[in-house]
Amino acid sequence: MKSVYQGKTKDVFDLENGTYLLKFKDEVTGVDGVFDPGANTVGLTMEGAGEAGLKLTKFFFEKINEAGIATHYVDADISNRTMTVLPAEVFGEGVEVICRYRAVGSFIRRYGKYAKDGDRLDAYVEVTLKDDDRNDPLITDEALEMLGIMTKKEYEILADMTRKIAAIVKDELSQKGLELYDIKFEFGRVGEDKHIALIDEISGGNMRAYKDGEYVEPLKLEKIMLEG
Ligand SMILES: Nc1ncnc2c1ncn2[C@@H]1O[C@H](COP(=O)(O)OP(=O)(O)OP(=O)(O)O)[C@@H](O)[C@H]1O
Ligand SMILES: [Mg+2]
C-alpha cells in the first residue's frame, strides 16, 4: 500500500488496483481546543471521531449514489476506519464548495455589515481555494477559469451538484429534527472521461447543524443521525 498524502483528518493510500484508500483519524479541525469546521488547524483529538465520521460519510455517500449523483465512493470498512474510493484529480490544488442555508461562521465574518447570524440564505453556493497560508480565500467563477483551475462549464456542473447534494443532506437531517445551516464539500475529476464527482467525506465536521436553535457538535450529530 503506497502512501499518497497524510492529511489533517485522513491519510490517503494508493491500493494500486485503480482505487485509493482513505483512513479516518481521530483528529478534528479547530482552534485552541475548540472545534471549528472551517479551521485549518487540527486543534483537538476526539476519541471515536474517525469511526463516527466514516459511518456518517458512508451513510450520506450511499444516499447520494442512490440519487444517481457521481461520487468517488466504492465501499467502507467501519472496523478498520477505511473507505475505498476512486482516485480523483482535484481542481488546481483543491477547492472547497460551500452551500449555505443560514448565515453563520465565515459568511458573517465577511458580510456582517449586511447580514446577521441565522439569516436565511436559500442554498447559496460559494467556492474557496484550499490554501492554508492564505486562509482559504473565496474565489469567483471568473477567477477559477482565468487561473486555469476549472472551466465555467465545470463550475456550473459543480454548483448544480452542490445544491442537489446539500438538499439530500438537509432532508436527512430534518428527518431527525436537525436543521442544516451550512455544509462544505470537495469535488474532483474522476475516471478517463474526467467527470465531476463528489469526493472526500461528509461527516459532522463538514457541516453546521442546529437543533432548536442550538449548535450540535459533530459527535452528537453523528449519534443523532445514526442511532436516533
Ligand atoms: N477520491 C479522492 N482522490 C484524491 N484525493 C482525495 C480523494 N478524496 C479525498 N481526497 C483528498 O484527500 C485528503 C484527505 O485528507 P484530509 O481530509 O485530512 O485533508 P487536508 O487537506 O489535510 O485537510 P482539510 O480537508 O481540512 O483541508 C484531502 O486533501 C482530499 O482533498
Ligand atoms: Mg479534509
# chains A, B, ... in the order shown; residues from 1 in each chain; ligands from 1
$ select_by_dssp --residues "segment 32-187 of chain A" --states "alpha helix (DSSP H)" --output "CSV table (one decimal) with N, CA and C atoms, in the first residue's frame"
chain,number,residue,atom,x,y,z
A,49,ALA,N,-13.9,9.9,16.9
A,49,ALA,CA,-14.3,10.9,15.8
A,49,ALA,C,-14.1,10.2,14.4
A,50,GLY,N,-13.0,9.5,14.3
A,50,GLY,CA,-12.7,8.9,13.0
A,50,GLY,C,-13.8,7.9,12.6
A,51,GLU,N,-14.2,7.0,13.5
A,51,GLU,CA,-15.2,6.0,13.2
A,51,GLU,C,-16.5,6.6,13.0
A,52,ALA,N,-16.9,7.6,13.8
A,52,ALA,CA,-18.2,8.3,13.6
A,52,ALA,C,-18.2,9.0,12.3
A,53,GLY,N,-17.1,9.7,11.9
A,53,GLY,CA,-17.1,10.4,10.7
A,53,GLY,C,-17.2,9.5,9.5
A,54,LEU,N,-16.6,8.3,9.6
A,54,LEU,CA,-16.7,7.3,8.5
A,54,LEU,C,-18.1,6.8,8.4
A,55,LYS,N,-18.7,6.5,9.5
A,55,LYS,CA,-20.1,6.0,9.5
A,55,LYS,C,-21.0,6.9,8.8
A,56,LEU,N,-20.9,8.2,9.2
A,56,LEU,CA,-21.8,9.2,8.6
A,56,LEU,C,-21.5,9.4,7.1
A,57,THR,N,-20.2,9.4,6.8
A,57,THR,CA,-19.8,9.5,5.4
A,57,THR,C,-20.4,8.4,4.5
A,58,LYS,N,-20.3,7.2,5.0
A,58,LYS,CA,-20.8,6.0,4.3
A,58,LYS,C,-22.3,6.2,4.1
A,59,PHE,N,-23.0,6.6,5.2
A,59,PHE,CA,-24.5,6.8,5.2
A,59,PHE,C,-24.8,7.8,4.1
A,60,PHE,N,-24.2,9.0,4.0
A,60,PHE,CA,-24.6,10.0,3.0
A,60,PHE,C,-24.1,9.7,1.6
A,61,PHE,N,-22.9,9.1,1.5
A,61,PHE,CA,-22.5,8.8,0.1
A,61,PHE,C,-23.3,7.7,-0.5
A,62,GLU,N,-23.8,6.8,0.3
A,62,GLU,CA,-24.7,5.7,-0.3
A,62,GLU,C,-26.0,6.4,-0.7
A,63,LYS,N,-26.6,7.3,0.0
A,63,LYS,CA,-27.8,8.1,-0.4
A,63,LYS,C,-27.5,8.8,-1.7
A,64,ILE,N,-26.4,9.5,-1.8
A,64,ILE,CA,-26.1,10.3,-2.9
A,64,ILE,C,-25.9,9.5,-4.2
A,65,ASN,N,-25.2,8.4,-4.0
A,65,ASN,CA,-25.0,7.4,-5.1
A,65,ASN,C,-26.4,6.9,-5.6
A,66,GLU,N,-27.2,6.6,-4.6
A,66,GLU,CA,-28.6,6.1,-5.0
A,66,GLU,C,-29.4,7.1,-5.8
A,106,SER,N,-17.9,32.0,8.6
A,106,SER,CA,-17.1,32.9,7.7
A,106,SER,C,-18.1,33.9,6.9
A,107,PHE,N,-19.3,33.5,6.7
A,107,PHE,CA,-20.2,34.4,6.0
A,107,PHE,C,-20.5,35.7,6.8
A,108,ILE,N,-20.6,35.5,8.1
A,108,ILE,CA,-20.8,36.7,8.9
A,108,ILE,C,-19.5,37.4,9.1
A,109,ARG,N,-18.4,36.7,9.2
A,109,ARG,CA,-17.1,37.4,9.3
A,109,ARG,C,-16.9,38.3,8.1
A,110,ARG,N,-17.3,37.8,6.9
A,110,ARG,CA,-17.1,38.6,5.7
A,110,ARG,C,-18.2,39.6,5.4
A,111,TYR,N,-19.5,39.3,5.6
A,111,TYR,CA,-20.6,40.1,5.2
A,111,TYR,C,-21.4,40.6,6.4
A,141,ASP,N,-16.2,32.4,-10.1
A,141,ASP,CA,-16.2,31.5,-11.2
A,141,ASP,C,-15.3,32.1,-12.3
A,142,GLU,N,-15.3,33.4,-12.4
A,142,GLU,CA,-14.4,34.1,-13.4
A,142,GLU,C,-12.9,33.8,-13.1
A,143,ALA,N,-12.6,34.0,-11.9
A,143,ALA,CA,-11.2,33.8,-11.5
A,143,ALA,C,-10.8,32.3,-11.6
A,144,LEU,N,-11.7,31.4,-11.3
A,144,LEU,CA,-11.4,30.0,-11.4
A,144,LEU,C,-11.1,29.7,-12.8
A,145,GLU,N,-11.8,30.3,-13.8
A,145,GLU,CA,-11.5,30.0,-15.2
A,145,GLU,C,-10.2,30.7,-15.6
A,146,MET,N,-10.1,31.9,-15.3
A,146,MET,CA,-8.9,32.7,-15.6
A,146,MET,C,-7.6,32.1,-15.1
A,152,LYS,N,-15.8,27.4,-16.9
A,152,LYS,CA,-17.1,27.9,-16.5
A,152,LYS,C,-18.1,26.8,-16.5
A,153,LYS,N,-18.0,25.9,-17.5
A,153,LYS,CA,-18.9,24.7,-17.6
A,153,LYS,C,-18.8,23.8,-16.4
A,154,GLU,N,-17.5,23.6,-16.0
A,154,GLU,CA,-17.3,22.7,-14.8
A,154,GLU,C,-17.9,23.4,-13.6
A,155,TYR,N,-17.7,24.7,-13.5
A,155,TYR,CA,-18.3,25.4,-12.4
A,155,TYR,C,-19.8,25.3,-12.3
A,156,GLU,N,-20.5,25.4,-13.4
A,156,GLU,CA,-21.9,25.3,-13.5
A,156,GLU,C,-22.3,23.9,-13.0
A,157,ILE,N,-21.6,22.8,-13.4
A,157,ILE,CA,-22.0,21.5,-13.1
A,157,ILE,C,-21.8,21.3,-11.6
A,158,LEU,N,-20.6,21.8,-11.1
A,158,LEU,CA,-20.3,21.7,-9.7
A,158,LEU,C,-21.3,22.4,-8.8
A,159,ALA,N,-21.7,23.6,-9.2
A,159,ALA,CA,-22.6,24.3,-8.3
A,159,ALA,C,-24.0,23.6,-8.3
A,160,ASP,N,-24.4,23.1,-9.4
A,160,ASP,CA,-25.7,22.4,-9.5
A,160,ASP,C,-25.6,21.1,-8.7
A,161,MET,N,-24.5,20.3,-8.8
A,161,MET,CA,-24.4,19.1,-8.0
A,161,MET,C,-24.4,19.5,-6.5
A,162,THR,N,-23.7,20.6,-6.1
A,162,THR,CA,-23.6,21.0,-4.7
A,162,THR,C,-25.0,21.3,-4.2
A,163,ARG,N,-25.9,22.0,-4.9
A,163,ARG,CA,-27.3,22.2,-4.4
A,163,ARG,C,-28.0,20.9,-4.3
A,164,LYS,N,-27.9,20.0,-5.2
A,164,LYS,CA,-28.6,18.7,-5.1
A,164,LYS,C,-28.1,17.9,-3.9
A,165,ILE,N,-26.8,17.8,-3.7
A,165,ILE,CA,-26.3,17.0,-2.6
A,165,ILE,C,-26.6,17.6,-1.3
A,166,ALA,N,-26.5,19.0,-1.2
A,166,ALA,CA,-26.9,19.6,0.1
A,166,ALA,C,-28.3,19.4,0.4
A,167,ALA,N,-29.2,19.4,-0.6
A,167,ALA,CA,-30.6,19.2,-0.4
A,167,ALA,C,-30.9,17.8,0.2
A,168,ILE,N,-30.1,16.8,-0.3
A,168,ILE,CA,-30.2,15.4,0.2
A,168,ILE,C,-29.8,15.4,1.7
A,169,VAL,N,-28.7,16.0,2.0
A,169,VAL,CA,-28.2,16.0,3.4
A,169,VAL,C,-29.2,16.8,4.3
A,170,LYS,N,-29.7,17.9,3.8
A,170,LYS,CA,-30.6,18.7,4.6
A,170,LYS,C,-31.9,17.9,4.9
A,171,ASP,N,-32.4,17.2,3.9
A,171,ASP,CA,-33.6,16.4,4.1
A,171,ASP,C,-33.4,15.3,5.1
A,172,GLU,N,-32.2,14.6,5.0
A,172,GLU,CA,-31.9,13.5,6.0
A,172,GLU,C,-31.8,14.1,7.4
A,173,LEU,N,-31.2,15.3,7.6
A,173,LEU,CA,-31.1,15.9,8.9
A,173,LEU,C,-32.5,16.3,9.4
A,174,SER,N,-33.3,16.8,8.6
A,174,SER,CA,-34.6,17.3,9.0
A,174,SER,C,-35.5,16.2,9.5
$ residues_near_ligand --ligand "ligand 2" --cutoff "9 Å" --atoms "only C-alpha atoms and all ligand atoms" --output "list of chain:residue names"
A:Gly7, A:Lys8, A:Thr9, A:Lys10, A:Thr29, A:Glu186, A:Asp200, A:Glu201, A:Asn206
$ closest_atom_pairs --of "chain A" --to "ligand 1" --cutoff "9 Å" --atoms "only C-alpha atoms and all ligand atoms" --output "Markdown table"
| residue | atom | partner | partner_atom_place_in_ligand_line | distance |
| --- | --- | --- | --- | --- |
| A:Val4 | CA | ligand 1 | 5 (N) | 8.6 |
| A:Tyr5 | CA | ligand 1 | 13 (C) | 6.7 |
| A:Gln6 | CA | ligand 1 | 15 (O) | 6.4 |
| A:Gly7 | CA | ligand 1 | 18 (O) | 3.2 |
| A:Lys8 | CA | ligand 1 | 18 (O) | 3.6 |
| A:Thr9 | CA | ligand 1 | 18 (O) | 3.5 |
| A:Lys10 | CA | ligand 1 | 18 (O) | 3.9 |
| A:Asp11 | CA | ligand 1 | 15 (O) | 5.8 |
| A:Val12 | CA | ligand 1 | 12 (O) | 5.9 |
| A:Thr19 | CA | ligand 1 | 1 (N) | 8.3 |
| A:Tyr20 | CA | ligand 1 | 1 (N) | 6.8 |
| A:Leu21 | CA | ligand 1 | 1 (N) | 8.6 |
| A:Leu22 | CA | ligand 1 | 14 (C) | 7.2 |
| A:Lys23 | CA | ligand 1 | 14 (C) | 8.7 |
| A:Phe24 | CA | ligand 1 | 18 (O) | 8.1 |
| A:Lys25 | CA | ligand 1 | 18 (O) | 8.2 |
| A:Glu27 | CA | ligand 1 | 18 (O) | 8.7 |
| A:Val28 | CA | ligand 1 | 26 (O) | 8.5 |
| A:Thr29 | CA | ligand 1 | 26 (O) | 6.7 |
| A:Pro37 | CA | ligand 1 | 26 (O) | 8.1 |
| A:Gly38 | CA | ligand 1 | 26 (O) | 7.9 |
| A:Ala39 | CA | ligand 1 | 26 (O) | 7.3 |
| A:Asn40 | CA | ligand 1 | 26 (O) | 5.7 |
| A:Thr41 | CA | ligand 1 | 26 (O) | 7.6 |
| A:Val42 | CA | ligand 1 | 26 (O) | 8.2 |
| A:Thr71 | CA | ligand 1 | 1 (N) | 8.4 |
| A:His72 | CA | ligand 1 | 1 (N) | 5.3 |
| A:Tyr73 | CA | ligand 1 | 1 (N) | 7.7 |
| A:Thr84 | CA | ligand 1 | 1 (N) | 8.6 |
| A:Val85 | CA | ligand 1 | 1 (N) | 5.4 |
| A:Leu86 | CA | ligand 1 | 1 (N) | 5.1 |
| A:Pro87 | CA | ligand 1 | 3 (N) | 3.9 |
| A:Ala88 | CA | ligand 1 | 3 (N) | 3.7 |
| A:Glu89 | CA | ligand 1 | 4 (C) | 6.1 |
| A:Val90 | CA | ligand 1 | 4 (C) | 6.8 |
| A:Glu93 | CA | ligand 1 | 31 (O) | 8.6 |
| A:Gly94 | CA | ligand 1 | 31 (O) | 6.2 |
| A:Val95 | CA | ligand 1 | 31 (O) | 8.1 |
| A:Glu96 | CA | ligand 1 | 27 (O) | 8.5 |
| A:Lys130 | CA | ligand 1 | 27 (O) | 6.1 |
| A:Asp131 | CA | ligand 1 | 27 (O) | 8.0 |
| A:Asp132 | CA | ligand 1 | 27 (O) | 7.6 |
| A:Asp136 | CA | ligand 1 | 27 (O) | 8.8 |
| A:Glu186 | CA | ligand 1 | 31 (O) | 6.6 |
| A:Phe187 | CA | ligand 1 | 31 (O) | 8.1 |
| A:Gly188 | CA | ligand 1 | 3 (N) | 7.2 |
| A:Arg189 | CA | ligand 1 | 3 (N) | 8.7 |
| A:Val190 | CA | ligand 1 | 1 (N) | 7.8 |
| A:Ala197 | CA | ligand 1 | 1 (N) | 8.6 |
| A:Leu198 | CA | ligand 1 | 1 (N) | 8.2 |
| A:Ile199 | CA | ligand 1 | 8 (N) | 4.5 |
| A:Asp200 | CA | ligand 1 | 9 (C) | 3.5 |
| A:Glu201 | CA | ligand 1 | 9 (C) | 7.1 |
$ closest_residue --among "A:Gly105, A:Gly118, A:Gly43, A:Gly48" --to "Asp26 of chain A" --atoms "only C-alpha atoms"
A:Gly48
$ closest_residue --among "A:Lys220, A:Arg134, A:Arg100, A:Lys2" --to "Lys184 of chain A" --atoms "only C-alpha atoms"
A:Arg100
$ atom_distance --atom1 "atom CA of Cys99 of chain A" --atom2 "atom CA of Ile78 of chain A"
27.7 Å
$ closest_residue --among "A:Leu221, A:Glu47, A:Val31, A:Val125" --to "Leu138 of chain A" --atoms "only C-alpha atoms"
A:Val125
$ closest_residue --among "A:Asp75, A:Asp133, A:Asp182, A:Glu16" --to "Tyr101 of chain A" --atoms "only C-alpha atoms"
A:Asp182
$ closest_residue --among "A:Ala123, A:Ala103, A:Met46, A:Leu129" --to "Pro218 of chain A" --atoms "only C-alpha atoms"
A:Met46
$ atom_distance --atom1 "atom CA of His195 of chain A" --atom2 "atom CA of Val127 of chain A"
18.5 Å
$ atom_distance --atom1 "atom CA of Ile183 of chain A" --atom2 "atom CA of Tyr210 of chain A"
12.2 Å
